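Student: model-v4.pdb is reproduced below (PDB, C-alpha atoms and all ligand atoms).
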ATOM      1  CA  MET K   1       0.000   0.000   0.000  1.00  0.00           C
ATOM      2  CA  ASN K   2       1.093   3.530  -0.766  1.00  0.00           C
ATOM      3  CA  LYS K   3       2.479   5.294   2.292  1.00  0.00           C
ATOM      4  CA  ILE K   4       3.176   8.962   2.845  1.00  0.00           C
ATOM      5  CA  VAL K   5       5.117  11.230   5.203  1.00  0.00           C
ATOM      6  CA  ILE K   6       3.090  13.534   7.438  1.00  0.00           C
ATOM      7  CA  ALA K   7       4.926  16.549   8.894  1.00  0.00           C
ATOM      8  CA  ILE K   8       3.313  18.348  11.837  1.00  0.00           C
ATOM      9  CA  ASP K   9       4.984  21.591  12.919  1.00  0.00           C
ATOM     10  CA  GLY K  10       4.005  24.390  15.231  1.00  0.00           C
ATOM     11  CA  HIS K  11       4.670  26.262  18.450  1.00  0.00           C
ATOM     12  CA  SER K  12       5.399  24.605  21.787  1.00  0.00           C
ATOM     13  CA  GLY K  13       2.403  23.099  23.530  1.00  0.00           C
ATOM     14  CA  CYS K  14      -0.293  23.329  20.887  1.00  0.00           C
ATOM     15  CA  GLY K  15      -1.002  19.617  20.992  1.00  0.00           C
ATOM     16  CA  LYS K  16       1.239  18.468  18.156  1.00  0.00           C
ATOM     17  CA  SER K  17       2.465  15.299  19.801  1.00  0.00           C
ATOM     18  CA  SER K  18      -0.876  13.956  21.039  1.00  0.00           C
ATOM     19  CA  THR K  19      -2.407  14.728  17.646  1.00  0.00           C
ATOM     20  CA  ALA K  20       0.491  13.164  15.758  1.00  0.00           C
ATOM     21  CA  LYS K  21       0.320  10.036  17.924  1.00  0.00           C
ATOM     22  CA  SER K  22      -3.402   9.564  17.264  1.00  0.00           C
ATOM     23  CA  VAL K  23      -3.018  10.227  13.533  1.00  0.00           C
ATOM     24  CA  ALA K  24      -0.222   7.638  13.377  1.00  0.00           C
ATOM     25  CA  LYS K  25      -2.365   5.109  15.244  1.00  0.00           C
ATOM     26  CA  ALA K  26      -5.350   5.659  12.949  1.00  0.00           C
ATOM     27  CA  LEU K  27      -3.211   5.107   9.846  1.00  0.00           C
ATOM     28  CA  GLY K  28      -0.999   2.351  11.256  1.00  0.00           C
ATOM     29  CA  TYR K  29       2.036   4.633  10.845  1.00  0.00           C
ATOM     30  CA  THR K  30       5.086   5.168  13.046  1.00  0.00           C
ATOM     31  CA  TYR K  31       5.075   8.281  15.215  1.00  0.00           C
ATOM     32  CA  ILE K  32       8.373  10.108  15.673  1.00  0.00           C
ATOM     33  CA  ASP K  33       8.707  12.840  18.289  1.00  0.00           C
ATOM     34  CA  SER K  34      11.585  14.990  17.017  1.00  0.00           C
ATOM     35  CA  GLY K  35      11.289  17.272  20.078  1.00  0.00           C
ATOM     36  CA  ALA K  36      12.116  14.263  22.274  1.00  0.00           C
ATOM     37  CA  MET K  37      15.368  13.905  20.333  1.00  0.00           C
ATOM     38  CA  TYR K  38      16.340  17.536  21.023  1.00  0.00           C
ATOM     39  CA  ARG K  39      15.312  17.035  24.647  1.00  0.00           C
ATOM     40  CA  ALA K  40      17.429  13.871  24.969  1.00  0.00           C
ATOM     41  CA  ALA K  41      20.419  15.676  23.446  1.00  0.00           C
ATOM     42  CA  THR K  42      19.884  18.490  25.953  1.00  0.00           C
ATOM     43  CA  LEU K  43      19.774  16.081  28.887  1.00  0.00           C
ATOM     44  CA  HIS K  44      22.971  14.457  27.643  1.00  0.00           C
ATOM     45  CA  PHE K  45      24.698  17.848  27.443  1.00  0.00           C
ATOM     46  CA  LEU K  46      23.440  18.827  30.917  1.00  0.00           C
ATOM     47  CA  ASN K  47      24.664  15.535  32.391  1.00  0.00           C
ATOM     48  CA  ASN K  48      28.073  15.993  30.782  1.00  0.00           C
ATOM     49  CA  HIS K  49      28.353  19.716  31.629  1.00  0.00           C
ATOM     50  CA  THR K  50      28.891  20.397  27.936  1.00  0.00           C
ATOM     51  CA  VAL K  51      29.910  23.970  27.240  1.00  0.00           C
ATOM     52  CA  LEU K  52      27.609  24.946  24.375  1.00  0.00           C
ATOM     53  CA  THR K  53      29.948  27.665  23.129  1.00  0.00           C
ATOM     54  CA  ASN K  54      32.835  25.210  22.817  1.00  0.00           C
ATOM     55  CA  PRO K  55      32.577  23.354  19.451  1.00  0.00           C
ATOM     56  CA  LYS K  56      34.948  20.588  20.628  1.00  0.00           C
ATOM     57  CA  ASP K  57      32.809  19.955  23.683  1.00  0.00           C
ATOM     58  CA  VAL K  58      29.648  19.898  21.562  1.00  0.00           C
ATOM     59  CA  LYS K  59      31.269  17.456  19.128  1.00  0.00           C
ATOM     60  CA  LYS K  60      32.297  15.208  22.004  1.00  0.00           C
ATOM     61  CA  GLY K  61      28.709  15.314  23.272  1.00  0.00           C
ATOM     62  CA  LEU K  62      27.320  14.409  19.855  1.00  0.00           C
ATOM     63  CA  ASP K  63      29.836  11.597  19.383  1.00  0.00           C
ATOM     64  CA  THR K  64      28.633   9.953  22.593  1.00  0.00           C
ATOM     65  CA  LEU K  65      24.926  10.555  21.981  1.00  0.00           C
ATOM     66  CA  ASP K  66      22.726   7.566  21.218  1.00  0.00           C
ATOM     67  CA  ILE K  67      18.979   8.242  21.037  1.00  0.00           C
ATOM     68  CA  SER K  68      16.423   5.528  20.397  1.00  0.00           C
ATOM     69  CA  PHE K  69      12.710   4.863  20.874  1.00  0.00           C
ATOM     70  CA  GLN K  70      11.055   1.760  22.290  1.00  0.00           C
ATOM     71  CA  VAL K  71       7.415   0.873  22.815  1.00  0.00           C
ATOM     72  CA  ASN K  72       6.604   0.121  26.461  1.00  0.00           C
ATOM     73  CA  PRO K  73       4.758  -3.257  26.385  1.00  0.00           C
ATOM     74  CA  ASN K  74       2.708  -2.300  29.484  1.00  0.00           C
ATOM     75  CA  ASN K  75       0.988   0.753  28.013  1.00  0.00           C
ATOM     76  CA  GLN K  76       2.001   0.624  24.312  1.00  0.00           C
ATOM     77  CA  LYS K  77       3.500   4.115  24.677  1.00  0.00           C
ATOM     78  CA  GLN K  78       6.635   5.019  22.808  1.00  0.00           C
ATOM     79  CA  GLU K  79       9.448   6.008  25.158  1.00  0.00           C
ATOM     80  CA  THR K  80      12.752   7.766  24.607  1.00  0.00           C
ATOM     81  CA  TYR K  81      16.099   6.175  25.466  1.00  0.00           C
ATOM     82  CA  LEU K  82      19.399   7.967  25.897  1.00  0.00           C
ATOM     83  CA  ASN K  83      22.476   5.748  25.709  1.00  0.00           C
ATOM     84  CA  GLY K  84      20.355   2.738  26.663  1.00  0.00           C
ATOM     85  CA  LEU K  85      18.543   4.405  29.585  1.00  0.00           C
ATOM     86  CA  ASN K  86      14.836   5.257  29.640  1.00  0.00           C
ATOM     87  CA  VAL K  87      14.686   9.065  29.929  1.00  0.00           C
ATOM     88  CA  GLU K  88      11.067   9.584  28.895  1.00  0.00           C
ATOM     89  CA  GLU K  89      10.124  11.306  32.164  1.00  0.00           C
ATOM     90  CA  GLU K  90      13.343  13.202  32.708  1.00  0.00           C
ATOM     91  CA  ILE K  91      13.354  14.898  29.301  1.00  0.00           C
ATOM     92  CA  ARG K  92       9.938  16.469  30.057  1.00  0.00           C
ATOM     93  CA  THR K  93      11.067  18.246  33.259  1.00  0.00           C
ATOM     94  CA  MET K  94      11.487  22.023  33.438  1.00  0.00           C
ATOM     95  CA  ARG K  95      15.231  21.544  33.886  1.00  0.00           C
ATOM     96  CA  VAL K  96      15.377  20.265  30.310  1.00  0.00           C
ATOM     97  CA  SER K  97      12.592  22.549  28.964  1.00  0.00           C
ATOM     98  CA  ASP K  98      14.468  25.627  30.162  1.00  0.00           C
ATOM     99  CA  TYR K  99      17.594  24.661  28.239  1.00  0.00           C
ATOM    100  CA  VAL K 100      16.392  22.793  25.159  1.00  0.00           C
ATOM    101  CA  SER K 101      15.959  25.759  22.815  1.00  0.00           C
ATOM    102  CA  GLU K 102      19.547  26.859  23.461  1.00  0.00           C
ATOM    103  CA  VAL K 103      20.798  23.415  22.471  1.00  0.00           C
ATOM    104  CA  SER K 104      18.469  23.311  19.444  1.00  0.00           C
ATOM    105  CA  LYS K 105      20.037  26.487  18.061  1.00  0.00           C
ATOM    106  CA  ILE K 106      23.387  24.799  17.508  1.00  0.00           C
ATOM    107  CA  LYS K 107      24.023  23.986  13.840  1.00  0.00           C
ATOM    108  CA  GLU K 108      25.975  20.763  14.497  1.00  0.00           C
ATOM    109  CA  VAL K 109      23.223  19.468  16.790  1.00  0.00           C
ATOM    110  CA  ARG K 110      20.588  20.136  14.120  1.00  0.00           C
ATOM    111  CA  GLN K 111      22.676  18.535  11.370  1.00  0.00           C
ATOM    112  CA  GLU K 112      23.095  15.368  13.395  1.00  0.00           C
ATOM    113  CA  LEU K 113      19.470  15.079  14.521  1.00  0.00           C
ATOM    114  CA  VAL K 114      17.988  16.007  11.137  1.00  0.00           C
ATOM    115  CA  ALA K 115      20.089  13.243   9.522  1.00  0.00           C
ATOM    116  CA  GLN K 116      18.790  10.734  12.094  1.00  0.00           C
ATOM    117  CA  GLN K 117      15.195  11.919  11.536  1.00  0.00           C
ATOM    118  CA  GLN K 118      15.497  11.595   7.757  1.00  0.00           C
ATOM    119  CA  LYS K 119      16.779   8.047   8.208  1.00  0.00           C
ATOM    120  CA  LEU K 120      13.868   7.178  10.502  1.00  0.00           C
ATOM    121  CA  GLY K 121      11.391   8.430   7.900  1.00  0.00           C
ATOM    122  CA  SER K 122      13.094   7.095   4.784  1.00  0.00           C
ATOM    123  CA  LYS K 123      10.606   4.242   4.314  1.00  0.00           C
ATOM    124  CA  LYS K 124       7.614   6.610   4.653  1.00  0.00           C
ATOM    125  CA  GLY K 125       4.577   5.667   6.728  1.00  0.00           C
ATOM    126  CA  VAL K 126       5.621   8.131   9.431  1.00  0.00           C
ATOM    127  CA  VAL K 127       4.089  11.031  11.282  1.00  0.00           C
ATOM    128  CA  MET K 128       6.778  13.321  12.654  1.00  0.00           C
ATOM    129  CA  ASP K 129       6.149  16.398  14.756  1.00  0.00           C
ATOM    130  CA  GLY K 130       8.513  19.287  15.457  1.00  0.00           C
ATOM    131  CA  ARG K 131       9.478  22.753  14.255  1.00  0.00           C
ATOM    132  CA  ASP K 132      11.236  22.208  10.932  1.00  0.00           C
ATOM    133  CA  ILE K 133       9.816  18.925   9.693  1.00  0.00           C
ATOM    134  CA  GLY K 134       7.923  20.360   6.715  1.00  0.00           C
ATOM    135  CA  THR K 135      10.616  22.901   5.878  1.00  0.00           C
ATOM    136  CA  VAL K 136      13.934  21.092   6.437  1.00  0.00           C
ATOM    137  CA  VAL K 137      13.610  17.443   7.465  1.00  0.00           C
ATOM    138  CA  PHE K 138      10.972  16.407   4.893  1.00  0.00           C
ATOM    139  CA  PRO K 139      10.447  19.327   2.486  1.00  0.00           C
ATOM    140  CA  ASP K 140       8.748  16.841   0.115  1.00  0.00           C
ATOM    141  CA  ALA K 141       6.329  15.474   2.710  1.00  0.00           C
ATOM    142  CA  GLU K 142       2.989  14.663   1.073  1.00  0.00           C
ATOM    143  CA  LEU K 143       1.069  16.287   3.936  1.00  0.00           C
ATOM    144  CA  LYS K 144       2.236  19.239   6.028  1.00  0.00           C
ATOM    145  CA  ILE K 145       0.267  20.594   8.955  1.00  0.00           C
ATOM    146  CA  PHE K 146       1.079  23.746  10.912  1.00  0.00           C
ATOM    147  CA  MET K 147      -0.642  23.808  14.306  1.00  0.00           C
ATOM    148  CA  THR K 148      -1.291  26.908  16.396  1.00  0.00           C
ATOM    149  CA  ALA K 149      -3.248  27.675  19.578  1.00  0.00           C
ATOM    150  CA  ALA K 150      -3.698  30.577  21.998  1.00  0.00           C
ATOM    151  CA  ILE K 151      -0.867  30.890  24.569  1.00  0.00           C
ATOM    152  CA  GLN K 152      -3.145  30.585  27.635  1.00  0.00           C
ATOM    153  CA  ILE K 153      -4.645  27.364  26.310  1.00  0.00           C
ATOM    154  CA  ARG K 154      -1.255  25.966  25.395  1.00  0.00           C
ATOM    155  CA  ALA K 155       0.061  26.730  28.907  1.00  0.00           C
ATOM    156  CA  GLU K 156      -2.949  25.146  30.631  1.00  0.00           C
ATOM    157  CA  ARG K 157      -2.541  21.981  28.550  1.00  0.00           C
ATOM    158  CA  ARG K 158       1.170  21.810  29.347  1.00  0.00           C
ATOM    159  CA  GLN K 159       0.503  22.395  33.071  1.00  0.00           C
ATOM    160  CA  LYS K 160      -1.959  19.493  33.118  1.00  0.00           C
ATOM    161  CA  GLU K 161       0.498  17.263  31.285  1.00  0.00           C
ATOM    162  CA  ILE K 162       3.290  18.061  33.773  1.00  0.00           C
ATOM    163  CA  LEU K 163       0.925  17.639  36.730  1.00  0.00           C
ATOM    164  CA  GLU K 164       0.001  14.157  35.532  1.00  0.00           C
ATOM    165  CA  LYS K 165       3.689  13.356  35.940  1.00  0.00           C
ATOM    166  CA  GLY K 166       3.659  14.707  39.507  1.00  0.00           C
ATOM    167  CA  GLU K 167       5.223  18.161  39.072  1.00  0.00           C
ATOM    168  CA  LEU K 168       3.172  21.286  39.890  1.00  0.00           C
ATOM    169  CA  ILE K 169       4.398  24.373  38.040  1.00  0.00           C
ATOM    170  CA  GLU K 170       2.733  27.805  38.168  1.00  0.00           C
ATOM    171  CA  LEU K 171       0.984  28.869  34.986  1.00  0.00           C
ATOM    172  CA  ASP K 172       3.061  32.074  34.692  1.00  0.00           C
ATOM    173  CA  LYS K 173       6.247  30.061  34.704  1.00  0.00           C
ATOM    174  CA  ILE K 174       4.935  27.810  31.935  1.00  0.00           C
ATOM    175  CA  ILE K 175       3.749  30.790  29.863  1.00  0.00           C
ATOM    176  CA  ASN K 176       7.219  32.341  30.200  1.00  0.00           C
ATOM    177  CA  ASN K 177       8.888  29.114  29.150  1.00  0.00           C
ATOM    178  CA  LEU K 178       6.590  28.650  26.125  1.00  0.00           C
ATOM    179  CA  GLN K 179       7.031  32.266  24.999  1.00  0.00           C
ATOM    180  CA  GLU K 180      10.771  32.155  25.449  1.00  0.00           C
ATOM    181  CA  ARG K 181      11.037  28.891  23.496  1.00  0.00           C
ATOM    182  CA  ASP K 182       8.792  30.291  20.733  1.00  0.00           C
ATOM    183  CA  ARG K 183      10.987  33.378  20.564  1.00  0.00           C
ATOM    184  CA  ILE K 184      14.247  31.436  20.314  1.00  0.00           C
ATOM    185  CA  ASP K 185      12.767  28.771  17.985  1.00  0.00           C
ATOM    186  CA  SER K 186      11.336  31.383  15.585  1.00  0.00           C
ATOM    187  CA  SER K 187      14.316  33.716  15.512  1.00  0.00           C
ATOM    188  CA  ARG K 188      17.257  31.302  15.337  1.00  0.00           C
ATOM    189  CA  ALA K 189      19.459  31.309  12.235  1.00  0.00           C
ATOM    190  CA  GLU K 190      19.394  27.524  11.797  1.00  0.00           C
ATOM    191  CA  SER K 191      16.048  26.241  10.477  1.00  0.00           C
ATOM    192  CA  PRO K 192      13.774  28.592  12.421  1.00  0.00           C
ATOM    193  CA  LEU K 193      10.184  27.680  13.134  1.00  0.00           C
ATOM    194  CA  ILE K 194       8.204  28.931  10.159  1.00  0.00           C
ATOM    195  CA  LYS K 195       5.129  27.657   8.408  1.00  0.00           C
ATOM    196  CA  ALA K 196       6.025  25.861   5.173  1.00  0.00           C
ATOM    197  CA  GLU K 197       4.346  27.537   2.190  1.00  0.00           C
ATOM    198  CA  ASP K 198       2.385  24.405   1.383  1.00  0.00           C
ATOM    199  CA  ALA K 199       1.397  23.599   4.995  1.00  0.00           C
ATOM    200  CA  ILE K 200      -2.237  23.553   6.070  1.00  0.00           C
ATOM    201  CA  GLU K 201      -2.767  25.657   9.205  1.00  0.00           C
ATOM    202  CA  ILE K 202      -4.982  24.330  11.994  1.00  0.00           C
ATOM    203  CA  ASP K 203      -5.779  26.440  15.072  1.00  0.00           C
ATOM    204  CA  THR K 204      -6.494  23.964  17.856  1.00  0.00           C
ATOM    205  CA  SER K 205      -7.551  26.489  20.538  1.00  0.00           C
ATOM    206  CA  TYR K 206     -11.203  25.529  20.465  1.00  0.00           C
ATOM    207  CA  LEU K 207     -11.122  22.403  18.336  1.00  0.00           C
ATOM    208  CA  ASP K 208     -12.370  19.130  19.681  1.00  0.00           C
ATOM    209  CA  PHE K 209      -9.410  16.715  19.766  1.00  0.00           C
ATOM    210  CA  GLU K 210     -11.153  13.864  17.924  1.00  0.00           C
ATOM    211  CA  ASN K 211     -12.245  16.275  15.239  1.00  0.00           C
ATOM    212  CA  GLN K 212      -8.760  17.620  14.751  1.00  0.00           C
ATOM    213  CA  VAL K 213      -7.351  14.095  14.372  1.00  0.00           C
ATOM    214  CA  GLU K 214     -10.087  13.152  11.909  1.00  0.00           C
ATOM    215  CA  GLN K 215      -9.380  16.232   9.804  1.00  0.00           C
ATOM    216  CA  ILE K 216      -5.717  15.274   9.445  1.00  0.00           C
ATOM    217  CA  VAL K 217      -6.476  11.586   8.823  1.00  0.00           C
ATOM    218  CA  SER K 218      -8.865  12.455   5.996  1.00  0.00           C
ATOM    219  CA  LEU K 219      -6.345  14.891   4.487  1.00  0.00           C
ATOM    220  CA  ALA K 220      -3.816  12.035   4.614  1.00  0.00           C
ATOM    221  CA  LYS K 221      -6.212   9.588   2.933  1.00  0.00           C
ATOM    222  CA  GLU K 222      -6.776  12.057   0.094  1.00  0.00           C
ATOM    223  CA  ARG K 223      -3.034  11.891  -0.569  1.00  0.00           C
ATOM    224  CA  LEU K 224      -2.533   8.117  -0.539  1.00  0.00           C
TER
HETATM  225  O1  LIG S 301       8.260  19.491  20.779  1.00  0.00           O
HETATM  226  P1  LIG S 301       8.894  19.909  22.094  1.00  0.00           P
HETATM  227  O2  LIG S 301       8.217  21.077  22.717  1.00  0.00           O
HETATM  228  O3  LIG S 301       9.091  18.772  23.026  1.00  0.00           O
HETATM  229  O4  LIG S 301      10.357  20.391  21.649  1.00  0.00           O
HETATM  230  C1  LIG S 301      11.278  20.887  22.574  1.00  0.00           C
HETATM  231  C2  LIG S 301      12.212  21.873  21.905  1.00  0.00           C
HETATM  232  O5  LIG S 301      13.031  21.206  20.941  1.00  0.00           O
HETATM  233  C3  LIG S 301      11.570  23.031  21.143  1.00  0.00           C
HETATM  234  O6  LIG S 301      11.226  24.119  21.965  1.00  0.00           O
HETATM  235  C4  LIG S 301      12.654  23.392  20.148  1.00  0.00           C
HETATM  236  O7  LIG S 301      13.603  24.235  20.756  1.00  0.00           O
HETATM  237  C5  LIG S 301      13.336  22.067  19.864  1.00  0.00           C
HETATM  238  N1  LIG S 301      12.911  21.447  18.608  1.00  0.00           N
HETATM  239  C6  LIG S 301      13.490  21.890  17.433  1.00  0.00           C
HETATM  240  N2  LIG S 301      13.202  21.280  16.247  1.00  0.00           N
HETATM  241  C7  LIG S 301      12.345  20.254  16.207  1.00  0.00           C
HETATM  242  C8  LIG S 301      11.717  19.793  17.405  1.00  0.00           C
HETATM  243  C9  LIG S 301      12.006  20.424  18.589  1.00  0.00           C
HETATM  244  O8  LIG S 301      14.275  22.844  17.435  1.00  0.00           O
HETATM  245  N3  LIG S 301      12.103  19.640  15.045  1.00  0.00           N
END
Using structure tokens, write down the structure from this file.
Tutor:
Amino acid sequence: MNKIVIAIDGHSGCGKSSTAKSVAKALGYTYIDSGAMYRAATLHFLNNHTVLTNPKDVKKGLDTLDISFQVNPNNQKQETYLNGLNVEEEIRTMRVSDYVSEVSKIKEVRQELVAQQQKLGSKKGVVMDGRDIGTVVFPDAELKIFMTAAIQIRAERRQKEILEKGELIELDKIINNLQERDRIDSSRAESPLIKAEDAIEIDTSYLDFENQVEQIVSLAKERL
């Protein structure tokens, strides 16, 4: 059967990953969370006290970085591994969130992770979410979605998500983190977050989740 690549980009916290996961499930595709890869790289750099302004240090960090995904047989959820260790929870903490956009600005980090992402999607049948998937990683993706949502709604969703993992963070702090990441992600020199010309924009602020997934699934089916 014909398979396509679906690229889902957008700002932090507008529901890209939960949408992408459900779209992948509905189509029997593989979901790839490119943000988790940048988060895992960030955790690795934090653990190794990598000096981001020192190219040799960054290279050393990249040379010892091994990111993989595995499905947890207990809940069927895909989890992120860093050098063989399950880091799914740790990469979602504020410690990593506060630092990840700085790491994601580095050209060598992007080159390495983009190459890995392209390899993961080379056989098609993937849904990948991120910031530069439709513009840089898969510029020829058959379906490109650009998701947006109001900042307050994005922050509330993120707060709930973090709370489910046992961490209570004030809304203001989350809003600051989202805005700061948006600012850095959109203004960086290396593959900034921009909507691809041929991407379809979906504002998820007041959209019912099921509806939003259905919309993307039917757009995908039109392209098979
Ligand atoms: O998607 P998530 O919010 O987990 O991504 C965390 C961070 O990783 C983003 O704020 C951004 O700095 C970086 N990122 C990126 N390019 C991607 C995916 C994520 O620069 N394709």
Student: For stretch 45-49 of chain K, find every residue with an atom within 10 Å (counting only C-alpha atoms), except residues of its own chain fewer than 3 positions away, and show them as number ranges by chain.
Tutor: K: 39-42, 52, 57-58, 60-62, 65, 95-96, 99-100, 103
Student: Quick one: residues within 7 Å of stretch 115-126 of chain K, all atoms listed in the file, excluding same-chain residues fewer than 2 positions away - as a list in words?
Tutor: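 The residues that qualify are Lys3, Ile4, Val5, Ile6, Tyr29, Thr30, Tyr31, Gln111, Glu112, Leu113, Met128 and Val137 of chain K.
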Student: Between K:Ile133, K:Ala36, K:Ile67, K:Ile151, which residue has the minimum interatomic distance to K:Leu82, considering all atoms listed in the file?
Tutor: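 Ranking K:Ile133, K:Ala36, K:Ile67, K:Ile151 by distance to K:Leu82, first place goes to K:Ile67.
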Student: Give me the residues within 12 Å of K:Arg181 as number ranges by chain, counting all atoms listed in the file and dropping any in the same chain fewer than 2 places off.
Tutor: K: 10-13, 96-105, 131, 174-179, 183-188, 192-193
Student: Give me the residues near K:Val23 as a list of chain:residue names, where near means some atom within 9 Å (using only C-alpha atoms) and where sequence neighbours in that chain fewer than 6 positions away do not count.
Tutor: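 The neighbour list is K:Tyr29, K:Tyr31, K:Val127, K:Val213, K:Glu214, K:Ile216, K:Val217.
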Student: Kindly list the centre and edge lengths in Å, rounded to one decimal, for the axis-aligned box that covers all listed atoms of stretch 191-198 of chain K plus 6 Å on each of its six sides, as AutoDock Vina command-line options.
Tutor:
--center_x 9.2 --center_y 26.7 --center_z 7.3 --size_x 25.7 --size_y 16.5 --size_z 23.8
Student: Name the residues that the PyMOL selection byres (((chain K and resi 205-210) around 12) and not hetatm) pulls out of this structure, and write them as a PyMOL selection string.
Tutor: chain K and resi 13-23+26+147-157+202-204+211-217
Student: Counting all atoms listed in the file, which of K:Asp140, K:Asp129, K:Asp66, K:Glu79 gets nearest to ligand LIG 301 (chain S)?
Tutor: K:Asp129
Student: For each of K:Arg223, K:Arg110, K:Lys144, K:Lys77, take the minimum atom-to-atom distance to K:Glu201, counting all atoms listed in the file, then give the residue where this is smallest.
Tutor: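 Among the listed residues, the smallest separation from K:Glu201 belongs to K:Lys144.
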Student: Would you compute the distance between atom CA of K:Arg158 and atom O2 of ligand LIG 301 (chain S)? Give it in Å to one decimal.
Tutor: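 Answer for the atom CA of K:Arg158 to atom O2 of ligand LIG 301 (chain S) separation: 9.7 Å.
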Student: What is the distance between atom CA of K:Phe138 and atom CA of K:Gly84, in Å to one decimal?
Tutor: 27.4 Å
Student: Looking at only C-alpha atoms and all ligand atoms, which of K:Asn2, K:Thr80, K:Gln70, K:Ser218 is the one that sits closest to ligand LIG 301 (chain S)?
Tutor: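 With only C-alpha atoms and all ligand atoms as the atom set, the closest residue is K:Thr80.
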